[in-house]
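**Student:** Pasting a structure here, questions to come.
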Amino acid sequence: MNEIDNIRRQRLLDEITKTPYFELLGVQIEAFEDAPILSAMGADHLIGNINLPALHGGVLGSLLECAASMMLLDKNPQGVTPRLVNIDVDYLRTGRPVKTYASASLVRQGRRVASVKAQLWQEARDRPIAIARVQFLLDRTGRTDANHG
Amino acid sequence: MSMFLKSLKELPPFGVAVGMRLDETDSGPGIVVLLDGDPNIGSHDFGGSFHNGVILATIDNAAGWCIRDHADYREGIAMATLDLRVDFLSYAALSETLRIRACCEGIDRDLAFVRASAEIVSTGQLVALGQATFMMGTSPGPHASVAQKPA
């Protein structure tokens, strides 16, 4: 891992450590591509259906939101945590209680709003178990991206 | 008046982990799940507010439960969440308790449609609004929020 990735990692680690709910989910930083790749283990306390068994739908939704907000933080290191406006989750496959990966990509970032796509996968990245469209309200003072500064 | 099924009262492990509890005294419409503020479900380590994710999770759970509580629901039918949308209207301090109400607005053999809201118990302030769609009769489908009891 190169030095830039180490800086990116530390920034996200700080954010996860100071967010108790992400600690409860067991969010880990897996790798960096254009956006960070996060993961969570399929821990027993994250299960929503004990007979399948399957991860709780709310856990999957939370991981999608986490990936989206962490991607924005990674892209806007100076910005304050954006406010989540809404999230729309499509559940595509059963979330088995195994290691689950999460990442997000920026669809469009303006001065006040960011539109983000997020996805979760388990055994194969091209077989997502859930996807989401997530919208954020950005810091009013507008430290967003260079194109809109 | 809700006639809670036995299986309805069984919290999934994640429901236990975040402290969801069914409000059995509620007279409807739909069902109510209460969520007490706790540092573990906070958005910041300095007090802070309920994390949006745990509100989403409780809405998802309540949505599944309210279908099982609906008069037209046939006990034993498995179901799966197709989609869930949540709008976040305001923050709620962890010193508060949230009341999450979910109502099944339509159900047939194939689909069920749910509307839900989350508000602060002490003030009535609206915190979040949700809507979810469920596929009925999956065998056994993804993401049924409540475990089915073996016959």
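Chain labels run A, B, ... following the order of the structure tokens; each chain numbers its residues from 1, and ligands are numbered from 1 in the order shown.
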I need the contact residues of chain A against chain B, so if you could list those with any atom within 10 Å, counting only C-alpha atoms, and return them as a CSV table (one decimal) with N, CA and C atoms, in the first residue's frame, that would help.

**Tutor:**
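iface.csv was written with the following content:
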```
chain,number,residue,atom,x,y,z
A,15,GLU,N,-12.8,8.2,11.2
A,15,GLU,CA,-14.3,8.4,11.1
A,15,GLU,C,-15.0,7.1,11.6
A,16,ILE,N,-14.5,5.9,11.2
A,16,ILE,CA,-15.2,4.7,11.7
A,16,ILE,C,-15.1,4.6,13.2
A,17,THR,N,-13.9,4.9,13.7
A,17,THR,CA,-13.6,4.8,15.2
A,17,THR,C,-14.5,5.7,16.0
A,18,LYS,N,-14.8,6.9,15.4
A,18,LYS,CA,-15.7,7.8,16.2
A,18,LYS,C,-17.2,7.6,15.9
A,19,THR,N,-17.5,6.6,15.1
A,19,THR,CA,-18.9,6.3,14.9
A,19,THR,C,-19.3,5.0,15.5
A,20,PRO,N,-19.9,5.0,16.7
A,20,PRO,CA,-20.1,3.7,17.4
A,20,PRO,C,-20.9,2.7,16.6
A,21,TYR,N,-21.9,3.2,15.8
A,21,TYR,CA,-22.7,2.3,15.0
A,21,TYR,C,-21.9,1.5,14.0
A,22,PHE,N,-20.9,2.2,13.4
A,22,PHE,CA,-20.1,1.5,12.4
A,22,PHE,C,-19.2,0.4,13.1
A,23,GLU,N,-18.8,0.7,14.4
A,23,GLU,CA,-18.1,-0.3,15.2
A,23,GLU,C,-19.0,-1.5,15.4
A,24,LEU,N,-20.3,-1.2,15.8
A,24,LEU,CA,-21.2,-2.3,16.0
A,24,LEU,C,-21.3,-3.2,14.8
A,25,LEU,N,-21.3,-2.6,13.6
A,25,LEU,CA,-21.4,-3.4,12.3
A,25,LEU,C,-20.1,-4.1,12.0
A,43,ALA,N,-21.1,-11.4,11.2
A,43,ALA,CA,-21.1,-11.8,12.6
A,43,ALA,C,-22.6,-12.2,13.0
A,44,ASP,N,-22.6,-13.0,14.1
A,44,ASP,CA,-23.9,-13.6,14.5
A,44,ASP,C,-24.9,-12.5,14.9
A,45,HIS,N,-24.4,-11.4,15.5
A,45,HIS,CA,-25.4,-10.3,15.9
A,45,HIS,C,-25.9,-9.5,14.7
A,46,LEU,N,-25.4,-9.7,13.5
A,46,LEU,CA,-25.9,-9.0,12.4
A,46,LEU,C,-27.0,-9.7,11.6
A,47,ILE,N,-27.4,-10.9,12.1
A,47,ILE,CA,-28.4,-11.7,11.4
A,47,ILE,C,-29.8,-11.2,11.6
A,48,GLY,N,-30.6,-11.3,10.5
A,48,GLY,CA,-32.0,-10.9,10.6
A,48,GLY,C,-32.9,-12.1,10.5
A,49,ASN,N,-32.5,-13.2,9.9
A,49,ASN,CA,-33.3,-14.4,9.7
A,49,ASN,C,-32.4,-15.6,10.1
A,50,ILE,N,-32.7,-16.2,11.3
A,50,ILE,CA,-31.9,-17.2,11.8
A,50,ILE,C,-32.1,-18.5,11.0
A,51,ASN,N,-33.2,-18.7,10.3
A,51,ASN,CA,-33.4,-20.0,9.7
A,51,ASN,C,-32.7,-20.1,8.3
A,52,LEU,N,-32.6,-19.0,7.6
A,52,LEU,CA,-32.0,-19.1,6.3
A,52,LEU,C,-30.5,-19.5,6.3
A,53,PRO,N,-29.6,-19.0,7.1
A,53,PRO,CA,-29.7,-17.7,7.8
A,53,PRO,C,-29.3,-16.6,6.8
A,54,ALA,N,-29.7,-15.3,7.2
A,54,ALA,CA,-29.4,-14.2,6.4
A,54,ALA,C,-29.1,-13.0,7.2
A,55,LEU,N,-28.3,-12.1,6.7
A,55,LEU,CA,-28.0,-10.8,7.3
A,55,LEU,C,-29.3,-10.0,7.4
A,56,HIS,N,-29.4,-9.1,8.4
A,56,HIS,CA,-30.6,-8.3,8.5
A,56,HIS,C,-30.6,-7.3,7.4
A,57,GLY,N,-31.8,-7.0,6.8
A,57,GLY,CA,-31.9,-6.0,5.7
A,57,GLY,C,-31.4,-4.7,6.1
A,58,GLY,N,-31.6,-4.4,7.4
A,58,GLY,CA,-31.1,-3.1,7.9
A,58,GLY,C,-29.6,-3.0,8.0
A,59,VAL,N,-29.0,-4.2,8.2
A,59,VAL,CA,-27.5,-4.2,8.2
A,59,VAL,C,-27.0,-3.9,6.8
A,60,LEU,N,-27.6,-4.5,5.8
A,60,LEU,CA,-27.2,-4.2,4.4
A,60,LEU,C,-27.5,-2.8,4.0
A,61,GLY,N,-28.6,-2.2,4.4
A,61,GLY,CA,-28.9,-0.8,4.2
A,61,GLY,C,-27.8,0.1,4.8
A,62,SER,N,-27.5,-0.3,6.0
A,62,SER,CA,-26.5,0.5,6.8
A,62,SER,C,-25.1,0.5,6.1
A,63,LEU,N,-24.7,-0.7,5.6
A,63,LEU,CA,-23.4,-0.8,5.0
A,63,LEU,C,-23.4,0.0,3.7
A,64,LEU,N,-24.5,0.0,3.0
A,64,LEU,CA,-24.6,0.8,1.8
A,64,LEU,C,-24.4,2.3,2.1
A,65,GLU,N,-25.1,2.7,3.1
A,65,GLU,CA,-25.0,4.1,3.5
A,65,GLU,C,-23.6,4.4,4.0
A,66,CYS,N,-23.0,3.5,4.7
A,66,CYS,CA,-21.6,3.7,5.2
A,66,CYS,C,-20.6,3.8,4.0
A,83,ARG,N,-24.9,15.5,5.2
A,83,ARG,CA,-26.2,15.1,5.8
A,83,ARG,C,-26.9,14.1,4.9
A,84,LEU,N,-27.2,13.0,5.4
A,84,LEU,CA,-28.0,12.0,4.6
A,84,LEU,C,-29.4,12.5,4.4
A,85,VAL,N,-29.8,12.6,3.1
A,85,VAL,CA,-31.2,13.0,2.8
A,85,VAL,C,-32.1,11.8,2.7
A,86,ASN,N,-31.7,10.9,1.8
A,86,ASN,CA,-32.5,9.7,1.7
A,86,ASN,C,-31.7,8.6,1.0
A,87,ILE,N,-32.2,7.4,1.2
A,87,ILE,CA,-31.5,6.2,0.6
A,87,ILE,C,-32.6,5.3,0.1
A,88,ASP,N,-32.4,4.7,-1.1
A,88,ASP,CA,-33.3,3.8,-1.7
A,88,ASP,C,-32.6,2.5,-2.0
A,89,VAL,N,-32.9,1.5,-1.3
A,89,VAL,CA,-32.2,0.2,-1.4
A,89,VAL,C,-33.0,-0.8,-2.2
A,90,ASP,N,-32.3,-1.5,-3.1
A,90,ASP,CA,-32.9,-2.7,-3.8
A,90,ASP,C,-32.2,-3.9,-3.3
A,91,TYR,N,-33.0,-4.8,-2.8
A,91,TYR,CA,-32.4,-6.1,-2.3
A,91,TYR,C,-32.4,-7.1,-3.4
A,92,LEU,N,-31.3,-7.6,-3.8
A,92,LEU,CA,-31.2,-8.4,-5.0
A,92,LEU,C,-31.0,-9.9,-4.7
A,93,ARG,N,-30.2,-10.2,-3.7
A,93,ARG,CA,-29.9,-11.6,-3.4
A,93,ARG,C,-29.9,-11.7,-1.9
A,94,THR,N,-30.0,-12.9,-1.4
A,94,THR,CA,-29.9,-13.2,0.1
A,94,THR,C,-28.5,-12.8,0.5
A,95,GLY,N,-28.5,-12.0,1.6
A,95,GLY,CA,-27.2,-11.6,2.3
A,95,GLY,C,-26.8,-12.7,3.2
A,96,ARG,N,-26.0,-13.6,2.8
A,96,ARG,CA,-25.6,-14.7,3.7
A,96,ARG,C,-24.7,-14.2,4.8
A,129,ILE,N,-25.5,-8.2,-4.0
A,129,ILE,CA,-26.6,-8.6,-3.2
A,129,ILE,C,-27.6,-7.5,-2.9
A,130,ALA,N,-27.1,-6.2,-2.9
A,130,ALA,CA,-28.0,-5.1,-2.8
A,130,ALA,C,-27.3,-3.9,-3.4
A,131,ILE,N,-28.1,-3.0,-3.9
A,131,ILE,CA,-27.6,-1.7,-4.5
A,131,ILE,C,-28.5,-0.6,-3.9
A,132,ALA,N,-27.9,0.6,-3.9
A,132,ALA,CA,-28.7,1.7,-3.4
A,132,ALA,C,-28.3,3.0,-4.1
A,133,ARG,N,-29.3,3.9,-4.2
A,133,ARG,CA,-29.1,5.3,-4.6
A,133,ARG,C,-29.2,6.1,-3.3
A,134,VAL,N,-28.2,6.9,-3.1
A,134,VAL,CA,-28.1,7.6,-1.8
A,134,VAL,C,-27.9,9.1,-2.1
A,135,GLN,N,-28.6,10.0,-1.5
A,135,GLN,CA,-28.5,11.4,-1.7
A,135,GLN,C,-28.0,12.1,-0.4
```

**Student:** How would you write, as number ranges by chain, the set of residues in chain A that DSSP gives as helix (DSSP H, G or I)?

**Tutor:** A: 3-17, 20-25, 44-46, 57-75, 146-148

**Student:** Output C-alpha atoms of each residue in that selection to a file, as a PDB file, in the first residue's frame.

**Tutor:**
```
ATOM      1  CA  GLU A   3       1.655   6.454   1.172  1.00  0.00           C
ATOM      2  CA  ILE A   4      -1.387   8.218  -0.290  1.00  0.00           C
ATOM      3  CA  ASP A   5      -3.508   5.162   0.424  1.00  0.00           C
ATOM      4  CA  ASN A   6      -2.199   5.150   3.997  1.00  0.00           C
ATOM      5  CA  ILE A   7      -3.348   8.732   4.449  1.00  0.00           C
ATOM      6  CA  ARG A   8      -6.746   7.879   2.954  1.00  0.00           C
ATOM      7  CA  ARG A   9      -6.992   4.828   5.204  1.00  0.00           C
ATOM      8  CA  GLN A  10      -6.186   6.762   8.352  1.00  0.00           C
ATOM      9  CA  ARG A  11      -8.798   9.399   7.574  1.00  0.00           C
ATOM     10  CA  LEU A  12     -11.528   6.787   7.141  1.00  0.00           C
ATOM     11  CA  LEU A  13     -10.344   4.797  10.146  1.00  0.00           C
ATOM     12  CA  ASP A  14     -10.710   7.918  12.291  1.00  0.00           C
ATOM     13  CA  GLU A  15     -14.267   8.357  11.068  1.00  0.00           C
ATOM     14  CA  ILE A  16     -15.195   4.709  11.704  1.00  0.00           C
ATOM     15  CA  THR A  17     -13.636   4.762  15.175  1.00  0.00           C
ATOM     16  CA  PRO A  20     -20.139   3.720  17.392  1.00  0.00           C
ATOM     17  CA  TYR A  21     -22.739   2.283  15.016  1.00  0.00           C
ATOM     18  CA  PHE A  22     -20.051   1.459  12.410  1.00  0.00           C
ATOM     19  CA  GLU A  23     -18.100  -0.283  15.152  1.00  0.00           C
ATOM     20  CA  LEU A  24     -21.207  -2.303  16.003  1.00  0.00           C
ATOM     21  CA  LEU A  25     -21.418  -3.357  12.344  1.00  0.00           C
ATOM     22  CA  ASP A  44     -23.923 -13.563  14.525  1.00  0.00           C
ATOM     23  CA  HIS A  45     -25.385 -10.343  15.910  1.00  0.00           C
ATOM     24  CA  LEU A  46     -25.944  -8.985  12.365  1.00  0.00           C
ATOM     25  CA  GLY A  57     -31.903  -6.037   5.714  1.00  0.00           C
ATOM     26  CA  GLY A  58     -31.114  -3.081   7.936  1.00  0.00           C
ATOM     27  CA  VAL A  59     -27.479  -4.191   8.174  1.00  0.00           C
ATOM     28  CA  LEU A  60     -27.246  -4.244   4.389  1.00  0.00           C
ATOM     29  CA  GLY A  61     -28.869  -0.812   4.152  1.00  0.00           C
ATOM     30  CA  SER A  62     -26.500   0.522   6.795  1.00  0.00           C
ATOM     31  CA  LEU A  63     -23.430  -0.840   4.983  1.00  0.00           C
ATOM     32  CA  LEU A  64     -24.607   0.807   1.755  1.00  0.00           C
ATOM     33  CA  GLU A  65     -25.007   4.124   3.543  1.00  0.00           C
ATOM     34  CA  CYS A  66     -21.601   3.689   5.172  1.00  0.00           C
ATOM     35  CA  ALA A  67     -19.926   3.030   1.812  1.00  0.00           C
ATOM     36  CA  ALA A  68     -21.610   6.085   0.311  1.00  0.00           C
ATOM     37  CA  SER A  69     -20.635   8.462   3.107  1.00  0.00           C
ATOM     38  CA  MET A  70     -17.070   7.081   3.301  1.00  0.00           C
ATOM     39  CA  MET A  71     -16.646   7.531  -0.449  1.00  0.00           C
ATOM     40  CA  LEU A  72     -17.692  11.181  -0.080  1.00  0.00           C
ATOM     41  CA  LEU A  73     -15.309  11.685   2.839  1.00  0.00           C
ATOM     42  CA  ASP A  74     -12.507  10.138   0.795  1.00  0.00           C
ATOM     43  CA  LYS A  75     -13.246  12.495  -2.106  1.00  0.00           C
ATOM     44  CA  ALA A 146     -12.936  21.587  -7.699  1.00  0.00           C
ATOM     45  CA  ASN A 147     -15.263  21.676 -10.688  1.00  0.00           C
ATOM     46  CA  HIS A 148     -17.894  23.562  -8.775  1.00  0.00           C
TER      47      HIS A 148
END
```

**Student:** Would you kindly return, as a list in words, each protein, DNA or RNA residue with an atom no farther than 12 Å from any atom of Tyr73 in chain B, considering only C-alpha atoms and excluding same-chain residues fewer than 6 positions away?

**Tutor:**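 Within the cut-off, the hits are Leu5, Gly64, Trp65, Cys66, Ile67, Met79, Cys104, Gly106, Ile107, Asp108, Arg109, Asp110, Leu111, Ala112, Met136 and Gly137 of chain B.
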
**Student:** How would the residues just chosen look if you wrote them out with N, CA and C atoms as a PDB file, in the first residue's frame?

**Tutor:**
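Printed below is selection_30.pdb as written:
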```pdb
ATOM      1  N   LEU B   5     -48.946 -12.257  16.523  1.00  0.00           N
ATOM      2  CA  LEU B   5     -48.577 -13.657  16.421  1.00  0.00           C
ATOM      3  C   LEU B   5     -47.402 -13.902  17.349  1.00  0.00           C
ATOM      4  N   GLY B  64     -41.517  -5.598   8.052  1.00  0.00           N
ATOM      5  CA  GLY B  64     -41.756  -7.040   7.952  1.00  0.00           C
ATOM      6  C   GLY B  64     -42.770  -7.509   8.974  1.00  0.00           C
ATOM      7  N   TRP B  65     -42.671  -6.994  10.171  1.00  0.00           N
ATOM      8  CA  TRP B  65     -43.592  -7.379  11.237  1.00  0.00           C
ATOM      9  C   TRP B  65     -45.032  -6.968  10.941  1.00  0.00           C
ATOM     10  N   CYS B  66     -45.209  -5.769  10.384  1.00  0.00           N
ATOM     11  CA  CYS B  66     -46.586  -5.297  10.200  1.00  0.00           C
ATOM     12  C   CYS B  66     -47.309  -6.122   9.136  1.00  0.00           C
ATOM     13  N   ILE B  67     -46.556  -6.706   8.196  1.00  0.00           N
ATOM     14  CA  ILE B  67     -47.193  -7.585   7.211  1.00  0.00           C
ATOM     15  C   ILE B  67     -47.691  -8.848   7.909  1.00  0.00           C
ATOM     16  N   MET B  79     -41.447 -14.316   3.148  1.00  0.00           N
ATOM     17  CA  MET B  79     -41.419 -13.104   2.321  1.00  0.00           C
ATOM     18  C   MET B  79     -40.018 -12.524   2.278  1.00  0.00           C
ATOM     19  N   CYS B 104     -49.078  -1.877   6.864  1.00  0.00           N
ATOM     20  CA  CYS B 104     -49.185  -2.557   5.573  1.00  0.00           C
ATOM     21  C   CYS B 104     -50.403  -1.988   4.856  1.00  0.00           C
ATOM     22  N   GLY B 106     -51.234  -2.560   1.605  1.00  0.00           N
ATOM     23  CA  GLY B 106     -51.827  -3.433   0.590  1.00  0.00           C
ATOM     24  C   GLY B 106     -51.086  -4.753   0.563  1.00  0.00           C
ATOM     25  N   ILE B 107     -51.845  -5.826   0.429  1.00  0.00           N
ATOM     26  CA  ILE B 107     -51.200  -7.144   0.403  1.00  0.00           C
ATOM     27  C   ILE B 107     -52.027  -8.072  -0.472  1.00  0.00           C
ATOM     28  N   ASP B 108     -51.345  -8.859  -1.323  1.00  0.00           N
ATOM     29  CA  ASP B 108     -52.042  -9.916  -2.061  1.00  0.00           C
ATOM     30  C   ASP B 108     -51.138 -11.148  -2.069  1.00  0.00           C
ATOM     31  N   ARG B 109     -51.369 -12.069  -2.986  1.00  0.00           N
ATOM     32  CA  ARG B 109     -50.593 -13.305  -2.980  1.00  0.00           C
ATOM     33  C   ARG B 109     -49.115 -13.053  -3.276  1.00  0.00           C
ATOM     34  N   ASP B 110     -48.852 -12.003  -4.029  1.00  0.00           N
ATOM     35  CA  ASP B 110     -47.496 -11.796  -4.524  1.00  0.00           C
ATOM     36  C   ASP B 110     -46.734 -10.672  -3.839  1.00  0.00           C
ATOM     37  N   LEU B 111     -47.450  -9.599  -3.479  1.00  0.00           N
ATOM     38  CA  LEU B 111     -46.761  -8.396  -3.013  1.00  0.00           C
ATOM     39  C   LEU B 111     -47.416  -7.806  -1.777  1.00  0.00           C
ATOM     40  N   ALA B 112     -46.605  -7.089  -1.009  1.00  0.00           N
ATOM     41  CA  ALA B 112     -47.143  -6.293   0.102  1.00  0.00           C
ATOM     42  C   ALA B 112     -46.439  -4.945   0.097  1.00  0.00           C
ATOM     43  N   MET B 136     -44.117 -11.775  -1.593  1.00  0.00           N
ATOM     44  CA  MET B 136     -44.718 -12.790  -0.737  1.00  0.00           C
ATOM     45  C   MET B 136     -44.543 -14.178  -1.350  1.00  0.00           C
ATOM     46  N   GLY B 137     -44.500 -15.178  -0.484  1.00  0.00           N
ATOM     47  CA  GLY B 137     -44.465 -16.558  -0.955  1.00  0.00           C
ATOM     48  C   GLY B 137     -43.132 -16.974  -1.526  1.00  0.00           C
TER      49      GLY B 137
END
```

**Student:** Please return as a ChimeraX atom specification: the residues of range 37-124 of chain A that backbone DSSP assigns to strand (DSSP E).

**Tutor:** /A:37-40,47-49,54-55,83-91,100-109,113-121

**Student:** Given the selection you just returned, output its residues as a file containing C-alpha atoms, formatted as a PDB file, in the first residue's frame.

**Tutor:**
```pdb
ATOM      1  CA  ILE A  37     -13.759  -0.713  -0.503  1.00  0.00           C
ATOM      2  CA  LEU A  38     -15.178  -1.536   2.905  1.00  0.00           C
ATOM      3  CA  SER A  39     -16.160  -4.846   4.427  1.00  0.00           C
ATOM      4  CA  ALA A  40     -17.978  -6.391   7.360  1.00  0.00           C
ATOM      5  CA  ILE A  47     -28.388 -11.737  11.416  1.00  0.00           C
ATOM      6  CA  GLY A  48     -32.006 -10.899  10.608  1.00  0.00           C
ATOM      7  CA  ASN A  49     -33.260 -14.364   9.748  1.00  0.00           C
ATOM      8  CA  ALA A  54     -29.399 -14.171   6.352  1.00  0.00           C
ATOM      9  CA  LEU A  55     -28.027 -10.806   7.350  1.00  0.00           C
ATOM     10  CA  ARG A  83     -26.151  15.061   5.837  1.00  0.00           C
ATOM     11  CA  LEU A  84     -27.967  11.988   4.562  1.00  0.00           C
ATOM     12  CA  VAL A  85     -31.167  13.048   2.774  1.00  0.00           C
ATOM     13  CA  ASN A  86     -32.481   9.685   1.669  1.00  0.00           C
ATOM     14  CA  ILE A  87     -31.545   6.196   0.625  1.00  0.00           C
ATOM     15  CA  ASP A  88     -33.322   3.796  -1.697  1.00  0.00           C
ATOM     16  CA  VAL A  89     -32.191   0.183  -1.383  1.00  0.00           C
ATOM     17  CA  ASP A  90     -32.923  -2.658  -3.809  1.00  0.00           C
ATOM     18  CA  TYR A  91     -32.406  -6.089  -2.281  1.00  0.00           C
ATOM     19  CA  THR A 100     -19.616  -8.666   2.737  1.00  0.00           C
ATOM     20  CA  TYR A 101     -17.960  -5.964   0.653  1.00  0.00           C
ATOM     21  CA  ALA A 102     -19.264  -2.448   0.083  1.00  0.00           C
ATOM     22  CA  SER A 103     -18.283   0.341  -2.252  1.00  0.00           C
ATOM     23  CA  ALA A 104     -19.824   3.430  -3.730  1.00  0.00           C
ATOM     24  CA  SER A 105     -19.381   5.748  -6.689  1.00  0.00           C
ATOM     25  CA  LEU A 106     -20.233   9.375  -7.222  1.00  0.00           C
ATOM     26  CA  VAL A 107     -22.956   9.963  -9.797  1.00  0.00           C
ATOM     27  CA  ARG A 108     -22.918  13.717  -9.512  1.00  0.00           C
ATOM     28  CA  GLN A 109     -21.721  16.212  -6.975  1.00  0.00           C
ATOM     29  CA  VAL A 113     -26.195  17.864  -3.206  1.00  0.00           C
ATOM     30  CA  ALA A 114     -24.296  14.668  -3.973  1.00  0.00           C
ATOM     31  CA  SER A 115     -25.930  11.717  -5.680  1.00  0.00           C
ATOM     32  CA  VAL A 116     -24.223   8.403  -4.963  1.00  0.00           C
ATOM     33  CA  LYS A 117     -24.614   4.781  -6.059  1.00  0.00           C
ATOM     34  CA  ALA A 118     -23.574   2.078  -3.609  1.00  0.00           C
ATOM     35  CA  GLN A 119     -23.340  -1.694  -3.910  1.00  0.00           C
ATOM     36  CA  LEU A 120     -22.744  -4.737  -1.730  1.00  0.00           C
ATOM     37  CA  TRP A 121     -21.364  -8.072  -2.805  1.00  0.00           C
TER      38      TRP A 121
END
```

**Student:** What is the CA of Asp139 in chain A-CA of Ser49 in chain B distance in Å, reported with one decimal?

**Tutor:**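 Going from CA of Asp139 in chain A over to CA of Ser49 in chain B covers 18.2 Å.
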
**Student:** How many Å separate CA of Val32 in chain B from CA of Ile100 in chain B?

**Tutor:**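 Pair CA of Val32 in chain B / CA of Ile100 in chain B returns 5.5 Å.
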